[in-house]
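Down below is the structure, laid out as structure tokens.
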Amino acid sequence: MKIALKNFITTLKRYRTASALNIVGLTLAFMAFYIIMAQVVYNVSYNRSIEDSERIYLITTQWSGDEWSSYSPRYTTEQAFKLCPDVEYGGSWRPEQAKRVYKRYNSYHFEPFDGGCCVISPSMFDVLSFKSVEGNLHDISKPDHVVISQSLAKRMDVSVGDVIYLPSMAWNATPEPEKPVTIAGIYKDFAPNTMMKGFDVVMYAGDDIASIKDNGMYDRMHFVKLREGADPQSYENIWKDDMAAFVKEQWQEEYNRDQMRLVSLNDTFFSEISSIERGTVTATVSLAAVAILVVLIAFINFVNFFFALIPIRIRTVNISKVFGAATFTLRWSFIFEAVALVTISLALALYLMIAIKESFIKNYVTCSLALGDNLLTIGVILVIVVVLAFTASLYPSYYITSFAASLGVKGGFAGSLKGRRLRMVLATAQFAISITLIIVTAAIWLQYRYLVNADIGFNIDNVLLVKPSNNIAERYDTFMTHLEKNPNVEGVTAMDSRIAVGQTSFQSFNKEDGTTIRNYVVDVHHNFPKVMGIDILEGDGFKPELEKRQYLLTKRAHQAMVGDDGETIKYSDAVSVVGVCENVELMSLADKNVAGNYMILVYDNYLERFKKYNFTKSYAFFLVRVAPNANIEQMKEFIRESVQEFDPGAEEPTIRFFRDDFEQLYVQTRRQAVLLSIFAVLSVIISLMGVFGIVLFEMQHRRHEIAIRRVFGATTSGMLWMLNSRYAKIVVACFVVAAPVAWYIVGEWQKDFAQQAPIGWWVYLLALLLVLGITLGLVTQRSWRAANENPARVIKGE
């Protein structure tokens, strides 16, 4: 070991360039590998850290089409908890909109802390095996009591019995801006990759079992924990029997038993269930493949550098043999050198990760990049890289010690066909991988841009989305009129939900032929079509004077609602269809479950009808269309001042471009594109470092050949052509291999999208030209000096 360590230090000093390039390449590769594997482990192990997760199931139901919902009817679901003997615990869970919690310091100062709220039934403490740190978690059932996570308690410096404040929206309350609640208990935080991620405040949801037989309450997600060894089918059968009886009693129809299923908590992340955090198997496998490819490129570099150094080091090896060094000792020295280089690179990569874990990269992953949160990942990486290092060095160490002393003295391996061919094969693999990554990355970016720039049926340019206070939401007419007085405002409208991120309600309608039409319903102000530029194809559109719930059907919805007799299927008497408009795409074009569904814009003028109930109509969001040449920052300041004028002391409103909401629909695609772009660039850099090393050593050992060619009349340009043509052929050969592989990968990846961007031939050509241009530029730069060296001096030196 002592001799191996001494030889390793000597190698670092003697071959500084090769060692430095090796360490830099491996370090970059390991950083990429760590980031990707942290995300892959996050995805694969989602919810698995929850105790007995394999026995916990989410009850899912199918609304219409192929979409599965995480929400289930309360009565049947909770009744089945009681009736099924295999149920150990059953409970309900629902996320709330509130993302903040407040600590009061005095009458005027409330300090906000980030902490999402969720509503649960007390039995969920047993379903998810909450671990109590302080207090009694079941005291949550007391009025105005909550339990919070240990991390939030630490951040807020509070304990059991202290009072904190929640936004009123978390309690569906009015008119107080915050509601005081008492901390009943503190629980141990769940792992970041669980359904409890981001939810630090837990509130009471009411009784476990619905007291009224009403299956119209789809307001919660329900989870069931089965006993050890129980068959999930037993609960499903009881649930379906109860629902079938309910449907038969209420509508004299048969219930489709295929519209309910249990999904294991371990499987929810890779499911197609709505309203929960999820990912795709394709994206996860793609990330894992990229991680492996980046590390593979780095290890190919390692082997390339090793073989490039053989002509220089073989003399030392054979001299050591002459002086009695054992072959095993020499081979062990090379293996130790490889493992040591890898270990140094991994340590450096992890050290650099500490510096960049809070950088821009964290915006493109959903996992934590902190080393402490990824100890398992680090352990796996350590095992993998050491095994790869040992494997990658085993053959080279055997090879370099297998030469006869005479070949070692002559240094013939450098110019041998076998030596050149081996290096070129390894370089070819690097280039093929890099070109594949470049093409795939470009395709993902094109898909992303295609989605965010797709024609959605109306104009969202220069439109600001404003989320004001509740007081202003209820005074929408006067607030909108005030904003429209600004000369830079072209129009103001309102809506009741963030339509672009899927926060819409829907209405299912069964036609006579048995098909189900699912209409997504969006509540808007009557001037929404005019301000947003939506073309009315039939009818007059919304009528402010008509005191009815008014439906403006999109063309696609209208066609679906036409019956066999050619007449539009009638809604209830309380509804008036006021026209048909051009198709609008308000849901994700990437999600096959919702893209292309039927949209209905709704205006409900029920102020007069509901006055007796003291009901106040409000709109949660305003859309302000500003002039193209307007100063956006000044417009935002004008809106802020207007909010303060209408509601003094109100919190600063959320103001952003409406287009940003649509881009949020495709944030996962953007994350993939950014990550793959980074890693594709890394792979190219690492590959070019390998080429740099190969060219560097090749030029050193072809100096004599180049000098003789120059003596016989070869020109500098001719020499550069000779040297470049070889690498040009390699890159073109790699492209021939990489292009069909990339085409297949892109095709498989795009299958997950409802609308697919066309990927033209120019993408493939661009990848070829990019790699070819950079490679030939590097080769030319390294070859220029050798091609212009004085031939007489080179030959004399030989």
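Convention: chains lettered A, B, ... in structure tokens order; per-chain residue numbering from 1; ligands numbered from 1 as shown.
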
Query raised in the report: Residues at most 7 Å from stretch 224-235 of chain A, counting only C-alpha atoms, excluding those fewer than 6 positions away in the same chain, as an MDAnalysis selection string?
Result: chainID A and resid 55:58 80 84 86:91 127

Query - Residue among A:Trp721, A:Tyr619, A:Tyr666, A:Phe657 lying closest to A:Met587, counting only C-alpha atoms - result: A:Tyr666

Requested in this report: Pick out each residue of stretch 144-296 of chain A that DSSP on the backbone tags as helix (DSSP H, G or I); I need them as a VMD selection string.
Outcome: chain A and resid 150 to 156 168 to 171 232 to 251 257 to 259 265 to 270 281 to 296

Report task. Please provide as a VMD selection string all residues within 7 Å of A:Ala473, with the sequence filter that same-chain residues fewer than 5 positions apart are discarded (counting only C-alpha atoms). Result -> chain A and resid 468 618 to 620

Could you turn the residues from that selection into a file that holds C-alpha atoms, as a tab-separated table (two decimals), in the first residue's frame?
```
chain	number	residue	atom	x	y	z
A	468	PRO	CA	-56.14	40.92	-4.63
A	618	SER	CA	-66.63	37.71	-5.76
A	619	TYR	CA	-63.85	36.97	-8.23
A	620	ALA	CA	-60.53	35.65	-6.99
```

Report task. Tell me which protein, DNA and RNA residues are within 12 Å of stretch 362-379 of chain A, counting only C-alpha atoms, leaving out same-chain ones fewer than 6 positions away, and put them as a ChimeraX atom specification. Result -> /A:30-46,191-194,197-198,277-279,284,287,346-347,349-356,385-386,667-678

Prev. selection, C-alpha atoms, output as a JSON list (two decimals), in the first residue's frame:
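This went into selection29.json:
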```
[["chain", "number", "residue", "atom", "x", "y", "z"],
["A", 30, "PHE", "CA", -19.89, 12.96, -10.39],
["A", 31, "MET", "CA", -21.62, 16.27, -9.71],
["A", 32, "ALA", "CA", -24.05, 15.56, -12.55],
["A", 33, "PHE", "CA", -24.45, 11.98, -11.33],
["A", 34, "TYR", "CA", -25.20, 13.12, -7.78],
["A", 35, "ILE", "CA", -27.84, 15.65, -8.89],
["A", 36, "ILE", "CA", -29.58, 13.19, -11.18],
["A", 37, "MET", "CA", -29.45, 10.26, -8.80],
["A", 38, "ALA", "CA", -30.79, 12.40, -5.95],
["A", 39, "GLN", "CA", -33.84, 13.12, -8.12],
["A", 40, "VAL", "CA", -34.14, 9.50, -9.27],
["A", 41, "VAL", "CA", -33.99, 8.20, -5.68],
["A", 42, "TYR", "CA", -36.56, 10.85, -4.69],
["A", 43, "ASN", "CA", -38.94, 9.59, -7.40],
["A", 44, "VAL", "CA", -38.42, 5.87, -6.89],
["A", 45, "SER", "CA", -38.67, 5.97, -3.09],
["A", 46, "TYR", "CA", -41.62, 8.40, -2.95],
["A", 191, "ALA", "CA", -39.29, 12.67, 4.62],
["A", 192, "PRO", "CA", -39.32, 15.30, 1.84],
["A", 193, "ASN", "CA", -40.41, 12.75, -0.78],
["A", 194, "THR", "CA", -43.80, 11.96, 0.75],
["A", 197, "LYS", "CA", -44.08, 17.45, 1.73],
["A", 198, "GLY", "CA", -44.79, 21.14, 2.25],
["A", 277, "GLU", "CA", -47.49, 15.07, -6.80],
["A", 278, "ARG", "CA", -46.48, 12.71, -9.55],
["A", 279, "GLY", "CA", -43.91, 12.01, -12.21],
["A", 284, "THR", "CA", -37.17, 8.97, -14.32],
["A", 287, "LEU", "CA", -32.64, 10.77, -15.98],
["A", 346, "LEU", "CA", -15.89, 12.26, -5.78],
["A", 347, "ALA", "CA", -14.77, 14.14, -2.65],
["A", 349, "ALA", "CA", -17.65, 16.85, -6.39],
["A", 350, "LEU", "CA", -19.43, 16.52, -3.04],
["A", 351, "TYR", "CA", -17.55, 19.54, -1.69],
["A", 352, "LEU", "CA", -18.64, 21.61, -4.70],
["A", 353, "MET", "CA", -22.23, 20.38, -4.24],
["A", 354, "ILE", "CA", -22.25, 22.09, -0.85],
["A", 355, "ALA", "CA", -21.52, 25.35, -2.65],
["A", 356, "ILE", "CA", -24.09, 24.97, -5.45],
["A", 385, "VAL", "CA", -17.83, 4.66, -8.78],
["A", 386, "VAL", "CA", -15.33, 2.51, -6.87],
["A", 667, "VAL", "CA", -42.68, 23.21, -15.63],
["A", 668, "GLN", "CA", -41.80, 19.50, -15.52],
["A", 669, "THR", "CA", -40.92, 19.56, -19.22],
["A", 670, "ARG", "CA", -38.83, 22.67, -18.68],
["A", 671, "ARG", "CA", -37.00, 21.03, -15.78],
["A", 672, "GLN", "CA", -36.14, 18.06, -17.96],
["A", 673, "ALA", "CA", -34.93, 20.36, -20.72],
["A", 674, "VAL", "CA", -32.71, 22.44, -18.42],
["A", 675, "LEU", "CA", -31.23, 19.41, -16.65],
["A", 676, "LEU", "CA", -30.55, 17.57, -19.89],
["A", 677, "SER", "CA", -29.04, 20.75, -21.39],
["A", 678, "ILE", "CA", -26.62, 21.03, -18.49]]
```

Query raised in the report: So which residues of stretch 35-96 of chain A fall under strand (DSSP E or B) by DSSP, listed as JSON, numbers by chain?
Result: {"A": [56, 57, 58, 59, 60, 61, 62, 68, 69, 71, 72, 87, 88, 89, 90, 91, 92, 93, 94, 95]}

**Report entry** Atomic separation - atom CA of A:Glu236 relative to atom CA of A:Ser274, Å
**Finding:**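 These two atoms are separated by 19.9 Å.
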
Query - Separation of atom CA of A:Met722 from atom CA of A:Leu776, in Å and rounded to one decimal - result: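 Atom CA of A:Met722 sits 11.6 Å away from atom CA of A:Leu776.
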
Query raised in the report: What's the 12 Å shell around A:Leu388, counting only C-alpha atoms, without same-chain residues fewer than 5 positions away, as a list in words?
Result: Leu26, Ile292, Val295, Leu296, Ile297, Ala298, Phe299, Ile300, Phe302, Val303, Ile335, Ala338, Val339, Leu341, Val342, Thr343, Ile381, Leu382, Val383, Ser393, Leu394 and Tyr395 of chain A

Report task. Find the residues around A:Phe638 up to 12 Å (only C-alpha atoms counted), leave out those fewer than 2 positions away in its own chain, and share them as a PyMOL selection string. Result -> chain A and resi 466+482-489+624+626+630-636+640-645+653+655

Query raised in the report: What separation in Å, quoted to one decimal, exists between atom CA of A:Glu547 and atom CA of A:Val522?
Result: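 Result for atom CA of A:Glu547 versus atom CA of A:Val522: 17.9 Å, one decimal.
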
Query - Selected residue, from A:Ser264, A:Asn301, A:Ser725, A:Asn453, that lies nearest to A:Phe223 when counting only C-alpha atoms - result: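 Closest to A:Phe223, using only C-alpha atoms: A:Ser264.
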
**Report entry** Distance query A:Leu128 at most 9 Å, only C-alpha atoms, self and fewer than 2 positions along chain excluded, as a list of chain:residue names
**Finding:**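 Those residues are A:Ile50, A:Glu51, A:Asp52, A:Ser53, A:Ile56, A:Ser123, A:Met124, A:Phe125, A:Asp126, A:Phe130, A:Lys225.
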
Report task. Go through A:Glu249, A:Leu28, A:Gly747, A:Ser469 one by one, measure the shortest atom-to-atom distance of each to A:Gly649 using only C-alpha atoms, and give the residue with the smallest value. Result ->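 Closest candidate: A:Ser469.
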
Query raised in the report: Which one of A:Val736, A:Ala288, A:Val779, A:Leu589 sits closest to A:Tyr450 if you count only C-alpha atoms?
Result: A:Leu589
